[in-house]
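Undergrad: Before we start, here is the structure in question, set down as structure tokens.
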Amino acid sequence: TTVADLVDLFESEATHDRPSEETPDVGIVMGSDSDLDVMAGAHEALTDLGFEEVTDYDDAPAGYSFESWVVSAHRTPDLMYAYAETAADRGVDVIIAGAGGKSADLPNMTASLAYPIPVVGVPVQEKSVDSVIGMPKGAPITAVDAGKSYNAGLSAAQFLATDDPELAAELQALHDKQRDGVADVSLALHE
Ligand code: RP5
């Protein structure tokens, strides 16, 4: 596969008129496959909320779903443009973008290119924080702390839940489970 093949895939997918339940609701992009371990938290959060991964646009799951791609701002800028600029037409409602290093430009560039789709940025390392969040006035990004991609998954779902009470209830249930987990741990100290 070449980058041009992937650009074609995103561009041709943007021309399909698929019903919204058959398109990925959340798009996850990361700058390198070396970011996969850190970005796994975003997959985990979305999976905890019942989202399924889209691996084939022609065979998307019926409920909430996400897709995941490696897109490098510096090694494949054309792919970054194609991904972000077609996101809305491909039915993506929120993007989670993670990158590491000091020039972690994928999240901030994706936020500019995909605007007004909200982008949740994940600095893969501490040194990436300023690059991810340092956006000028008029070019917003939402971001989580370094490495906290699980929170990025939750934030993405929060955007979707603003007009979906069922998803809001899933988020609340997960929150309650986490709260009860603290009580369990606390009690266990006394056993
Ligand atoms: C960034 O550079 C990527 O997001 C990654 O975190 C970092 C290093 O990438 P590799 O050299 O491991 O591919 O753009």
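Starting from 1 in every chain, residues are counted up; chains themselves are A, B, ... following the order of the structure tokens, and ligands are numbered from 1 as listed.
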Give the residue list for ligand 1 at 6 Å, counting only C-alpha atoms and all ligand atoms, as a list in words, sorted by chain and then by residue number.

TA: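 Those within range of ligand 1 are Met30, Gly31, Ser32, Ser34, Asp35, Ala99, Gly100, Gly101 and Ala104 of chain A.
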
Undergrad: Taking only chain A into account, list the residues labelled helix (DSSP H, G or I) by DSSP (computed from the backbone), as a ChimeraX atom specification.

TA: /A:3-15,20-22,33-48,57-59,77-86,105-114,126-133,149-161,165-188

Undergrad: Could you build a table of the residues in region 4-42 of chain A lying no more than 12 Å from region 79-84 of chain A, giving for each the nearest pair of atoms and their separation in Å rounded to one decimal place, using only C-alpha atoms, ordered by chain and ascending residue number, as CSV?

TA:
```
residue,atom,partner,partner_atom,distance
A:Ala4,CA,A:Leu79,CA,7.9
A:Asp5,CA,A:Leu79,CA,9.8
A:Leu6,CA,A:Leu79,CA,7.2
A:Val7,CA,A:Ala82,CA,5.7
A:Asp8,CA,A:Ala82,CA,8.5
A:Leu9,CA,A:Ala82,CA,9.4
A:Phe10,CA,A:Tyr83,CA,6.3
A:Glu11,CA,A:Ala82,CA,6.9
A:Ser12,CA,A:Ala82,CA,10.6
A:Glu13,CA,A:Tyr83,CA,10.5
A:Ala14,CA,A:Tyr83,CA,9.9
A:Gly27,CA,A:Tyr83,CA,9.3
A:Ile28,CA,A:Tyr83,CA,10.5
A:Val29,CA,A:Tyr83,CA,8.9
A:Met30,CA,A:Met80,CA,10.1
A:Gly31,CA,A:Met80,CA,9.5
```

Undergrad: With C-alpha atoms retained, export the selected residues as a PDB file, in the first residue's frame.

TA:
```pdb
ATOM      1  CA  ALA A   4      -1.441   7.647  -2.377  1.00  0.00           C
ATOM      2  CA  ASP A   5      -3.649   4.538  -1.953  1.00  0.00           C
ATOM      3  CA  LEU A   6      -4.697   5.726   1.507  1.00  0.00           C
ATOM      4  CA  VAL A   7      -5.330   9.254   0.238  1.00  0.00           C
ATOM      5  CA  ASP A   8      -7.536   7.707  -2.463  1.00  0.00           C
ATOM      6  CA  LEU A   9      -9.337   5.601   0.139  1.00  0.00           C
ATOM      7  CA  PHE A  10     -10.224   8.651   2.265  1.00  0.00           C
ATOM      8  CA  GLU A  11     -11.166  10.747  -0.747  1.00  0.00           C
ATOM      9  CA  SER A  12     -13.348   8.051  -2.290  1.00  0.00           C
ATOM     10  CA  GLU A  13     -14.966   7.292   1.078  1.00  0.00           C
ATOM     11  CA  ALA A  14     -15.874  10.989   1.315  1.00  0.00           C
ATOM     12  CA  GLY A  27     -11.468   8.924  14.271  1.00  0.00           C
ATOM     13  CA  ILE A  28      -8.214   8.130  16.061  1.00  0.00           C
ATOM     14  CA  VAL A  29      -4.964   9.174  14.415  1.00  0.00           C
ATOM     15  CA  MET A  30      -1.422   8.937  15.736  1.00  0.00           C
ATOM     16  CA  GLY A  31       1.922  10.067  14.386  1.00  0.00           C
TER      17      GLY A  31
END
```

Undergrad: Select, from A:Gln172, A:Gln178, A:Ser149, A:Thr110, the residue with the minimum atom-to-atom distance to Pro123 (chain A), counting only C-alpha atoms.

TA: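 For Pro123 (chain A), the nearest of the given residues is A:Ser149.
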
Undergrad: Just to confirm, what's the straight-line distance from CA of Asp56 (chain A) to CA of Val92 (chain A) in Å (one decimal)?

TA: 14.6 Å

Undergrad: Which of region 108-163 of chain A end up as strand (DSSP E) when DSSP is run on this backbone - answer as a ChimeraX atom specification?

TA: /A:119-123,142-143

Undergrad: Just to be explicit: take each residue in the selection above, keep C-alpha atoms, and write the result as an mmCIF file, in the first residue's frame.

TA:
```cif
data_model
loop_
_atom_site.group_PDB
_atom_site.id
_atom_site.type_symbol
_atom_site.label_atom_id
_atom_site.label_comp_id
_atom_site.auth_asym_id
_atom_site.auth_seq_id
_atom_site.Cartn_x
_atom_site.Cartn_y
_atom_site.Cartn_z
ATOM 1 C CA VAL A 119 -10.172 17.376 18.023
ATOM 2 C CA VAL A 120 -8.975 15.912 21.309
ATOM 3 C CA GLY A 121 -5.188 16.067 21.343
ATOM 4 C CA VAL A 122 -3.032 13.541 23.165
ATOM 5 C CA PRO A 123 0.579 14.531 23.876
ATOM 6 C CA THR A 142 -9.156 20.225 23.313
ATOM 7 C CA ALA A 143 -6.409 18.224 24.962
#
```

Undergrad: Write out as a PyMOL selection string which residues come within 12 Å of region 114-117 of chain A when counting only C-alpha atoms, dropping same-chain ones fewer than 6 positions away.

TA: chain A and resi 25-27+80-97+106-108+138-142+156+159-160

Undergrad: Any chance you can output those residues with N, CA and C atoms as an mmCIF file, in the first residue's frame?

TA:
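Result file is result-v6.cif:
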```
data_model
loop_
_atom_site.group_PDB
_atom_site.id
_atom_site.type_symbol
_atom_site.label_atom_id
_atom_site.label_comp_id
_atom_site.auth_asym_id
_atom_site.auth_seq_id
_atom_site.Cartn_x
_atom_site.Cartn_y
_atom_site.Cartn_z
ATOM 1 N N ASP A 25 -17.788 7.047 14.147
ATOM 2 C CA ASP A 25 -18.158 8.271 14.872
ATOM 3 C C ASP A 25 -16.919 8.996 15.379
ATOM 4 N N VAL A 26 -15.914 8.222 15.769
ATOM 5 C CA VAL A 26 -14.671 8.799 16.287
ATOM 6 C C VAL A 26 -13.517 8.334 15.409
ATOM 7 N N GLY A 27 -12.677 9.269 15.017
ATOM 8 C CA GLY A 27 -11.468 8.924 14.271
ATOM 9 C C GLY A 27 -10.265 9.080 15.187
ATOM 10 N N MET A 80 -2.104 13.432 6.131
ATOM 11 C CA MET A 80 -2.749 14.199 7.208
ATOM 12 C C MET A 80 -3.821 15.133 6.631
ATOM 13 N N TYR A 81 -3.477 15.817 5.547
ATOM 14 C CA TYR A 81 -4.466 16.700 4.901
ATOM 15 C C TYR A 81 -5.672 15.897 4.441
ATOM 16 N N ALA A 82 -5.410 14.773 3.759
ATOM 17 C CA ALA A 82 -6.522 13.981 3.214
ATOM 18 C C ALA A 82 -7.406 13.454 4.334
ATOM 19 N N TYR A 83 -6.779 12.958 5.414
ATOM 20 C CA TYR A 83 -7.573 12.405 6.517
ATOM 21 C C TYR A 83 -8.469 13.482 7.128
ATOM 22 N N ALA A 84 -7.826 14.611 7.482
ATOM 23 C CA ALA A 84 -8.564 15.643 8.227
ATOM 24 C C ALA A 84 -9.594 16.354 7.351
ATOM 25 N N GLU A 85 -9.226 16.624 6.106
ATOM 26 C CA GLU A 85 -10.143 17.389 5.253
ATOM 27 C C GLU A 85 -11.339 16.566 4.771
ATOM 28 N N THR A 86 -11.228 15.232 4.810
ATOM 29 C CA THR A 86 -12.363 14.397 4.395
ATOM 30 C C THR A 86 -13.172 13.899 5.586
ATOM 31 N N ALA A 87 -12.696 14.183 6.804
ATOM 32 C CA ALA A 87 -13.320 13.581 7.993
ATOM 33 C C ALA A 87 -14.824 13.857 8.057
ATOM 34 N N ALA A 88 -15.207 15.099 7.856
ATOM 35 C CA ALA A 88 -16.636 15.440 7.964
ATOM 36 C C ALA A 88 -17.455 14.684 6.921
ATOM 37 N N ASP A 89 -16.966 14.646 5.695
ATOM 38 C CA ASP A 89 -17.721 13.961 4.636
ATOM 39 C C ASP A 89 -17.728 12.443 4.819
ATOM 40 N N ARG A 90 -16.774 11.929 5.592
ATOM 41 C CA ARG A 90 -16.767 10.496 5.881
ATOM 42 C C ARG A 90 -17.614 10.163 7.106
ATOM 43 N N GLY A 91 -18.234 11.177 7.713
ATOM 44 C CA GLY A 91 -19.151 10.949 8.823
ATOM 45 C C GLY A 91 -18.502 10.942 10.193
ATOM 46 N N VAL A 92 -17.213 11.272 10.266
ATOM 47 C CA VAL A 92 -16.523 11.317 11.562
ATOM 48 C C VAL A 92 -16.991 12.561 12.321
ATOM 49 N N ASP A 93 -17.360 12.384 13.596
ATOM 50 C CA ASP A 93 -17.885 13.510 14.381
ATOM 51 C C ASP A 93 -16.862 14.104 15.341
ATOM 52 N N VAL A 94 -15.921 13.307 15.792
ATOM 53 C CA VAL A 94 -14.878 13.768 16.718
ATOM 54 C C VAL A 94 -13.584 13.043 16.353
ATOM 55 N N ILE A 95 -12.465 13.748 16.467
ATOM 56 C CA ILE A 95 -11.168 13.116 16.191
ATOM 57 C C ILE A 95 -10.318 13.146 17.457
ATOM 58 N N ILE A 96 -9.630 12.041 17.703
ATOM 59 C CA ILE A 96 -8.604 11.986 18.749
ATOM 60 C C ILE A 96 -7.274 11.894 18.011
ATOM 61 N N ALA A 97 -6.360 12.820 18.300
ATOM 62 C CA ALA A 97 -5.088 12.822 17.578
ATOM 63 C C ALA A 97 -3.930 12.835 18.575
ATOM 64 N N LEU A 106 0.776 16.708 14.694
ATOM 65 C CA LEU A 106 -0.426 16.069 14.133
ATOM 66 C C LEU A 106 -1.714 16.544 14.812
ATOM 67 N N PRO A 107 -1.773 16.580 16.162
ATOM 68 C CA PRO A 107 -3.026 17.037 16.779
ATOM 69 C C PRO A 107 -3.386 18.477 16.405
ATOM 70 N N ASN A 108 -2.397 19.393 16.482
ATOM 71 C CA ASN A 108 -2.769 20.795 16.232
ATOM 72 C C ASN A 108 -3.089 21.050 14.761
ATOM 73 N N GLY A 138 -8.468 31.484 17.852
ATOM 74 C CA GLY A 138 -9.238 31.176 16.644
ATOM 75 C C GLY A 138 -8.992 29.779 16.119
ATOM 76 N N ALA A 139 -7.999 29.084 16.674
ATOM 77 C CA ALA A 139 -7.683 27.721 16.228
ATOM 78 C C ALA A 139 -7.702 26.803 17.453
ATOM 79 N N PRO A 140 -8.896 26.385 17.876
ATOM 80 C CA PRO A 140 -8.993 25.651 19.143
ATOM 81 C C PRO A 140 -8.614 24.177 19.042
ATOM 82 N N ILE A 141 -8.144 23.666 20.167
ATOM 83 C CA ILE A 141 -7.967 22.218 20.335
ATOM 84 C C ILE A 141 -8.352 21.905 21.778
ATOM 85 N N THR A 142 -8.910 20.722 21.969
ATOM 86 C CA THR A 142 -9.156 20.225 23.313
ATOM 87 C C THR A 142 -8.060 19.208 23.562
ATOM 88 N N ALA A 156 -14.055 12.325 23.837
ATOM 89 C CA ALA A 156 -14.684 12.180 22.521
ATOM 90 C C ALA A 156 -16.130 11.717 22.681
ATOM 91 N N PHE A 159 -18.459 14.531 23.768
ATOM 92 C CA PHE A 159 -18.946 15.379 22.672
ATOM 93 C C PHE A 159 -20.173 14.739 22.020
ATOM 94 N N LEU A 160 -20.091 13.418 21.777
ATOM 95 C CA LEU A 160 -21.200 12.725 21.113
ATOM 96 C C LEU A 160 -22.422 12.638 22.013
#
```

Undergrad: Which of these residues is nearest to Ala152 (chain A), using only C-alpha atoms: A:Pro136, A:Pro118, A:Gly63, A:Pro19?

TA: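 Selected residue with least distance to Ala152 (chain A): A:Pro118.
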
Undergrad: Go through A:Pro24, A:Val70, A:Lys137, A:Asp33 one by one, measure the shortest atom-to-atom distance of each to Thr55 (chain A) using only C-alpha atoms, and give the residue with the smallest value.

TA: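 Closest candidate: A:Pro24.
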
Undergrad: Could you please determine the separation between CA of Ala183 (chain A) and CA of Leu171 (chain A) in Å, to one decimal place?

TA: 18.9 Å

Undergrad: Using only C-alpha atoms, find the one residue out of A:Tyr64, A:His175, A:Val182, A:Glu22 that sits nearest to Thr47 (chain A).

TA: A:Tyr64

Undergrad: Would you please work out which residue, of A:Thr162, A:Ser186, A:Thr15, A:Ser155, is nearest to Ala42 (chain A) when using only C-alpha atoms?

TA: A:Ser155

Undergrad: Of the candidates A:Ala168, A:Leu46, A:Leu189, A:Val3, which shows the shortest atom-to-atom distance to Asp78 (chain A), using only C-alpha atoms?

TA: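 Comparing A:Ala168, A:Leu46, A:Leu189, A:Val3 against Asp78 (chain A), the winner is A:Val3.
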
Undergrad: For the atom pair CA of Gly41 (chain A) and CA of Val132 (chain A), what is the interatomic distance in Å to one decimal place?

TA: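 For CA of Gly41 (chain A) relative to CA of Val132 (chain A), the distance reads 17.8 Å.
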